[in-house]
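Pasted below: my_file04.txt, compact mmCIF, C-alpha atoms.
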# COMPACT_ATOMS: atom_id res chain seq x y z
CA MET P 1 36.07 -23.44 109.14
CA LEU P 2 36.18 -25.12 105.76
CA ASN P 3 32.79 -26.16 104.54
CA VAL P 4 33.09 -29.05 102.16
CA ARG P 5 29.99 -30.32 100.45
CA LEU P 6 29.83 -33.56 98.70
CA ARG P 7 27.89 -34.39 95.48
CA HIS P 8 27.14 -38.03 95.59
CA GLY P 9 30.14 -38.59 97.65
CA GLU P 10 32.54 -36.56 95.46
CA PRO P 11 34.44 -33.52 96.49
CA VAL P 12 33.21 -30.26 94.98
CA ALA P 13 36.49 -29.73 93.08
CA LEU P 14 36.17 -33.05 91.22
CA TRP P 15 32.54 -32.34 90.36
CA ARG P 16 33.47 -28.97 88.86
CA GLN P 17 36.24 -30.56 86.89
CA ARG P 18 33.81 -33.00 85.35
CA ALA P 19 31.29 -30.27 84.80
CA ASN P 20 33.94 -28.34 82.91
CA GLN P 21 34.68 -31.42 80.84
CA ARG P 22 30.99 -31.78 80.02
CA GLY P 23 30.85 -28.06 79.07
CA ALA P 24 33.78 -28.54 76.69
CA SER P 25 32.00 -31.37 74.94
CA ARG P 26 28.95 -29.17 74.39
CA ALA P 27 31.08 -26.49 72.57
CA MET P 28 32.00 -28.90 69.73
CA PRO P 29 29.02 -27.96 67.42
CA LYS P 30 30.83 -24.70 66.64
CA LYS P 31 32.68 -26.67 63.92
CA GLY P 32 29.29 -27.10 62.06
CA VAL P 33 28.92 -23.30 61.73
CA VAL P 34 32.33 -23.04 60.06
CA THR P 35 31.39 -25.80 57.64
CA THR P 36 28.12 -24.03 56.81
CA LEU P 37 29.91 -20.76 56.21
CA LYS P 38 32.40 -22.52 53.94
CA SER P 39 29.56 -24.13 51.95
CA MET P 40 27.88 -20.77 51.57
CA ALA P 41 31.13 -19.32 50.26
CA ASP P 42 31.31 -22.14 47.71
CA TYR P 43 27.73 -21.45 46.61
CA LEU P 44 28.45 -17.74 46.28
CA LYS P 45 31.51 -18.54 44.21
CA ILE P 46 29.45 -20.77 41.89
CA ALA P 47 26.73 -18.12 41.64
CA GLY P 48 29.42 -15.59 40.74
CA TYR P 49 30.71 -17.84 37.98
CA LEU P 50 27.17 -18.32 36.64
CA LEU P 51 26.54 -14.58 36.75
CA LEU P 52 29.82 -13.98 34.95
CA ALA P 53 28.86 -16.55 32.31
CA VAL P 54 25.47 -14.87 31.77
CA VAL P 55 27.10 -11.45 31.47
CA PHE P 56 29.63 -12.86 29.00
CA ALA P 57 26.85 -14.51 26.96
CA ILE P 58 24.91 -11.25 26.83
CA LEU P 59 28.02 -9.36 25.75
CA ALA P 60 28.86 -12.00 23.13
CA TYR P 61 25.27 -11.90 21.81
CA ASN P 62 25.35 -8.11 21.50
CA VAL P 63 28.75 -8.19 19.82
CA ALA P 64 27.59 -10.93 17.42
CA ASN P 65 24.47 -8.92 16.54
CA LYS P 66 26.58 -5.86 15.85
CA VAL P 67 28.97 -7.86 13.69
CA ILE P 68 26.11 -9.46 11.75
CA ALA P 69 24.43 -6.07 11.33
CA TYR P 70 27.71 -4.68 10.04
CA VAL P 71 28.26 -7.55 7.63
CA ASN P 72 24.60 -7.86 6.61
CA GLN P 73 24.23 -4.32 5.32
CA PRO P 74 21.34 -3.45 3.00
CA ILE P 75 22.11 -3.88 -0.70
CA SER P 76 22.76 -0.38 -2.02
CA LYS P 77 24.41 -1.12 -5.38
CA VAL P 78 23.50 -3.49 -8.20
CA SER P 79 25.96 -3.85 -11.08
CA ILE P 80 24.57 -5.34 -14.30
CA LEU P 81 27.01 -6.82 -16.80
CA GLY P 82 26.54 -8.39 -20.22
CA ASP P 83 25.65 -7.50 -23.79
CA LEU P 84 22.54 -5.45 -23.13
CA GLY P 85 22.66 -3.05 -26.03
CA TYR P 86 18.91 -3.19 -26.67
CA ILE P 87 17.82 -3.33 -23.02
CA ASP P 88 17.06 -0.28 -20.88
CA GLN P 89 19.35 -0.85 -17.87
CA GLN P 90 17.48 1.63 -15.67
CA ASP P 91 14.25 -0.25 -16.33
CA LEU P 92 16.05 -3.51 -15.56
CA GLN P 93 17.35 -2.16 -12.24
CA LYS P 94 13.82 -1.12 -11.30
CA ARG P 95 12.72 -4.70 -11.89
CA ILE P 96 15.54 -6.05 -9.74
CA GLU P 97 15.37 -3.66 -6.78
CA PRO P 98 12.25 -5.20 -5.15
CA LEU P 99 13.99 -8.58 -5.24
CA VAL P 100 17.13 -7.37 -3.43
CA SER P 101 15.57 -5.08 -0.79
CA THR P 102 17.15 -7.06 2.03
CA GLY P 103 20.50 -7.57 3.73
CA PHE P 104 23.75 -8.61 2.09
CA LEU P 105 23.50 -12.11 3.58
CA ASN P 106 19.72 -12.48 3.36
CA VAL P 107 19.21 -11.85 -0.35
CA ASP P 108 17.85 -14.97 -2.08
CA LEU P 109 20.33 -15.45 -4.91
CA GLU P 110 18.66 -18.59 -6.26
CA GLY P 111 15.22 -16.98 -6.24
CA LEU P 112 16.57 -13.88 -7.97
CA ARG P 113 18.33 -16.01 -10.58
CA ASN P 114 15.17 -17.99 -11.35
CA LYS P 115 13.10 -14.82 -11.54
CA LEU P 116 15.44 -13.23 -14.06
CA GLU P 117 15.86 -16.38 -16.15
CA ASN P 118 12.08 -16.59 -16.50
CA THR P 119 12.19 -13.22 -18.27
CA PRO P 120 11.80 -13.79 -22.05
CA TRP P 121 14.90 -11.84 -23.09
CA ILE P 122 17.30 -13.43 -20.58
CA SER P 123 18.76 -16.90 -21.15
CA HIS P 124 21.25 -17.24 -18.28
CA VAL P 125 22.17 -15.33 -15.11
CA GLU P 126 25.21 -15.36 -12.81
CA ILE P 127 24.98 -13.48 -9.47
CA GLU P 128 27.83 -12.66 -7.09
CA ARG P 129 27.89 -10.89 -3.72
CA VAL P 130 30.53 -8.15 -3.45
CA TRP P 131 31.06 -7.09 0.16
CA PRO P 132 29.94 -4.91 1.81
CA ASN P 133 26.72 -3.96 -0.02
CA GLU P 134 26.86 -4.81 -3.72
CA LEU P 135 25.39 -7.45 -6.02
CA LYS P 136 27.04 -8.16 -9.35
CA ILE P 137 24.63 -9.62 -11.92
CA GLU P 138 25.89 -10.92 -15.27
CA LEU P 139 23.21 -11.53 -17.88
CA ASN P 140 23.30 -13.53 -21.10
CA ALA P 141 20.50 -12.03 -23.14
CA ARG P 142 18.49 -13.63 -25.90
CA GLN P 143 18.85 -11.51 -28.99
CA PRO P 144 15.72 -10.24 -30.73
CA ILE P 145 15.05 -12.14 -33.96
CA ALA P 146 12.02 -10.24 -35.23
CA ARG P 147 9.55 -7.51 -34.44
CA TRP P 148 6.14 -8.53 -33.18
CA GLY P 149 3.21 -6.32 -34.06
CA GLU P 150 3.59 -2.59 -33.56
CA ASP P 151 5.86 -2.35 -30.53
CA GLY P 152 7.13 -5.79 -29.53
CA LEU P 153 10.06 -8.06 -30.24
CA LEU P 154 10.42 -11.85 -30.38
CA ASN P 155 13.40 -13.90 -29.28
CA ASN P 156 14.50 -17.09 -31.02
CA VAL P 157 11.86 -19.24 -29.31
CA GLY P 158 9.02 -16.84 -30.01
CA GLU P 159 8.77 -15.23 -26.57
CA PRO P 160 7.65 -11.59 -26.82
CA PHE P 161 9.19 -8.67 -24.97
CA VAL P 162 8.99 -4.90 -25.18
CA VAL P 163 11.78 -2.33 -25.44
CA LYS P 164 11.65 1.37 -24.83
CA ASP P 165 12.50 2.42 -28.41
CA ILE P 166 11.30 0.03 -31.12
CA SER P 167 12.58 2.31 -33.89
CA ALA P 168 16.10 0.91 -33.43
CA TYR P 169 14.86 -2.47 -34.71
CA LYS P 170 13.13 -1.52 -37.94
CA SER P 171 15.62 -3.65 -39.87
CA LEU P 172 14.27 -6.84 -38.24
CA PRO P 173 11.54 -8.78 -40.05
CA LEU P 174 8.00 -7.96 -38.97
CA LEU P 175 5.93 -10.89 -37.73
CA ASP P 176 2.26 -10.52 -36.93
CA GLY P 177 -0.68 -12.64 -35.93
CA PRO P 178 -3.15 -13.34 -33.15
CA GLU P 179 -1.85 -12.44 -29.70
CA TYR P 180 -1.63 -16.09 -28.62
CA ALA P 181 0.26 -17.24 -31.75
CA HIS P 182 3.66 -15.57 -31.34
CA ALA P 183 5.51 -18.87 -30.82
CA GLN P 184 3.73 -20.49 -33.80
CA VAL P 185 4.55 -17.54 -36.07
CA MET P 186 8.23 -17.61 -35.03
CA GLN P 187 8.44 -21.34 -35.69
CA GLN P 188 6.89 -20.92 -39.15
CA TYR P 189 9.23 -18.02 -39.86
CA GLN P 190 12.28 -20.18 -39.14
CA ILE P 191 11.00 -23.04 -41.32
CA ILE P 192 10.14 -20.82 -44.29
CA SER P 193 13.43 -18.91 -43.98
CA GLN P 194 15.36 -22.16 -44.36
CA LEU P 195 13.34 -23.11 -47.44
CA LEU P 196 13.78 -19.71 -49.10
CA ARG P 197 17.53 -19.45 -48.45
CA PRO P 198 18.62 -21.47 -51.55
CA MET P 199 16.68 -18.94 -53.66
CA GLU P 200 18.46 -16.08 -51.86
CA LEU P 201 15.14 -14.72 -50.65
CA ALA P 202 14.80 -13.32 -47.12
CA ILE P 203 11.53 -12.69 -45.27
CA THR P 204 10.79 -9.08 -44.37
CA SER P 205 7.26 -9.77 -43.07
CA LEU P 206 5.16 -12.80 -42.20
CA THR P 207 1.51 -12.61 -41.21
CA LEU P 208 -0.98 -15.13 -39.83
CA THR P 209 -4.64 -14.11 -39.93
CA GLU P 210 -7.29 -15.10 -37.41
CA ARG P 211 -8.59 -17.60 -39.99
CA GLY P 212 -5.21 -19.32 -40.18
CA SER P 213 -4.07 -17.92 -43.54
CA TRP P 214 -0.38 -17.14 -44.12
CA SER P 215 1.26 -14.53 -46.33
CA LEU P 216 4.74 -13.04 -46.52
CA THR P 217 6.91 -10.54 -48.35
CA THR P 218 10.58 -10.90 -49.20
CA SER P 219 13.49 -8.49 -49.33
CA THR P 220 12.99 -8.21 -53.13
CA GLY P 221 9.43 -6.95 -52.63
CA LEU P 222 7.86 -10.25 -53.69
CA GLU P 223 4.57 -11.11 -52.00
CA LEU P 224 3.78 -14.77 -51.40
CA VAL P 225 0.17 -15.64 -50.59
CA LEU P 226 0.29 -19.06 -48.94
CA GLY P 227 -3.19 -19.50 -47.47
CA SER P 228 -3.77 -22.25 -44.92
CA GLY P 229 -2.76 -25.88 -44.89
CA ASP P 230 0.78 -27.23 -45.33
CA VAL P 231 2.80 -24.05 -45.81
CA ALA P 232 6.15 -25.83 -46.11
CA GLU P 233 4.80 -27.97 -48.98
CA LYS P 234 3.62 -24.84 -50.80
CA ILE P 235 7.05 -23.23 -50.43
CA LYS P 236 8.63 -26.35 -51.94
CA ARG P 237 6.22 -26.10 -54.87
CA PHE P 238 7.12 -22.44 -55.32
CA SER P 239 10.82 -23.40 -55.29
CA LYS P 240 10.23 -25.79 -58.22
CA ALA P 241 8.44 -23.12 -60.24
CA TYR P 242 11.18 -20.66 -59.35
CA GLU P 243 13.90 -22.91 -60.78
CA ILE P 244 11.87 -23.83 -63.89
CA ASN P 245 10.25 -20.56 -64.89
CA LEU P 246 10.27 -17.71 -62.40
CA LYS P 247 13.92 -17.09 -61.53
CA ALA P 248 14.65 -15.07 -64.68
CA LYS P 249 11.47 -13.03 -64.22
CA MET P 250 11.69 -12.19 -60.50
CA ASP P 251 12.27 -8.49 -61.13
CA ASN P 252 8.84 -8.29 -62.78
CA ILE P 253 6.87 -10.42 -60.30
CA ALA P 254 4.74 -8.57 -57.74
CA ARG P 255 2.85 -11.46 -56.18
CA VAL P 256 2.66 -15.24 -56.30
CA ASP P 257 -0.52 -16.89 -55.10
CA MET P 258 0.10 -20.41 -53.76
CA ARG P 259 -3.46 -21.19 -52.73
CA TYR P 260 -3.97 -23.57 -55.65
CA SER P 261 -3.85 -27.28 -55.03
CA ASN P 262 -1.40 -28.10 -57.85
CA GLY P 263 -0.05 -24.80 -59.16
CA LEU P 264 0.31 -21.09 -58.55
CA ALA P 265 -0.73 -17.75 -60.00
CA VAL P 266 1.61 -14.86 -60.75
CA ALA P 267 0.76 -11.15 -60.74
CA TRP P 268 3.26 -9.13 -62.80
CA LYS P 269 4.51 -5.66 -62.02
CA ASP P 270 4.41 -4.81 -65.76
CA PRO P 271 2.13 -7.28 -67.55
CA SER P 272 3.13 -5.86 -70.94
CA LYS P 273 6.55 -7.42 -70.59
CA GLU P 274 5.01 -10.88 -70.43
CA ILE P 275 3.33 -12.88 -73.19
CA ASP P 276 0.17 -13.15 -71.10
CA THR P 277 -0.82 -9.62 -70.02
CA ASN P 278 -3.44 -10.67 -67.47
CA ASN P 279 -2.89 -9.34 -63.92
CA ALA P 280 -2.61 -12.91 -62.69
CA THR P 281 -1.09 -15.62 -64.88
CA LYS P 282 -1.67 -19.23 -63.94
CA ILE P 283 1.50 -21.27 -63.85
CA VAL P 284 1.21 -24.94 -63.11
CA ALA P 285 4.11 -26.51 -61.23
CA ARG P 286 3.21 -30.15 -60.86
CA GLN P 287 5.41 -32.37 -58.77
Take the structure in this file and express it as structure tokens.
Amino acid sequence: MLNVRLRHGEPVALWRQRANQRGASRAMPKKGVVTTLKSMADYLKIAGYLLLAVVFAILAYNVANKVIAYVNQPISKVSILGDLGYIDQQDLQKRIEPLVSTGFLNVDLEGLRNKLENTPWISHVEIERVWPNELKIELNARQPIARWGEDGLLNNVGEPFVVKDISAYKSLPLLDGPEYAHAQVMQQYQIISQLLRPMELAITSLTLTERGSWSLTTSTGLELVLGSGDVAEKIKRFSKAYEINLKAKMDNIARVDMRYSNGLAVAWKDPSKEIDTNNATKIVARQ
């Protein structure tokens, strides 16, 4: 006997059919899981790209550092060019080395140039990098004009410098004076040299004492005692006496004393050759 039960007046078969329909509607959220998995895949893909970018950046950084390290090699050679006949190049390189103890790209060319141009015997400097590890330095040197004291030299503006072997410069005039007065002595040397040139007299030594008194000797052996005051004016007065009276007697003149206000005194090498045989003969050279 068929037992048919009703659910709210419906046959069991219809109720199951509807129940199955309701069960099918509950299975729909499975689509949300797929979407989530797809989103996670997208995130993983993005994370992979980011990781790849980081790895690439690290590799690029390391490569760049290696390239820079290769290019920026330590300076191992310094070439010095120019007319440096009186300069000890080994000593010069020792001066330069502390200034270039850095990489090829890091060396301060402007600072090095200024440092060298502040050296008394260098007037101008050109510096060039030569890859991979060389500096080429071209110097224009100030030539020594005179000796200064026992072991120094002076350039044309009176700046002192020292060379290894002073004996090579014995032919230069010898200037001497207080340690602080080298520029003053050089300036006076240049003025007096110009004034003596028409008389064909060249200075071999010029001395300034602590008391401010000047004296010089010339290439003929003549000694000029100038004293203090206006030295240029005294040289002009000597030039007048030279043209009037002294030129013909220069071979017999040992010393001329210009410390008189309106004249000069002459000391003869051989007084017997002169009318006045005194060691010092007063000659007045009024303007």
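Here CA of Thr207 (chain P) and CA of Asn118 (chain P) stand 27.2 Å from one another.
With all atoms listed in the file as the atoms that count, the minimum distance from Val157 (chain P) to the choices P:Val256, P:Leu174, P:Val185, P:Leu139 is reached by P:Val185.
For the pair CA of Pro271 (chain P) and CA of Ala254 (chain P), the interatomic distance is 10.2 Å.
Interatomic distance, CA of Val107 (chain P) against CA of Tyr61 (chain P): 23.0 Å.
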*Looking at all atoms listed in the file, which of P:Ile244, P:Ala141, P:Ile203, P:Met258 is the one that sits closest to Met186 (chain P)?*
P:Ile203
*Have a look at P:Gly82, P:Gly103, P:Gly229, P:Pro173 and name the one nearest to Glu150 (chain P); count all atoms listed in the file.*
P:Pro173
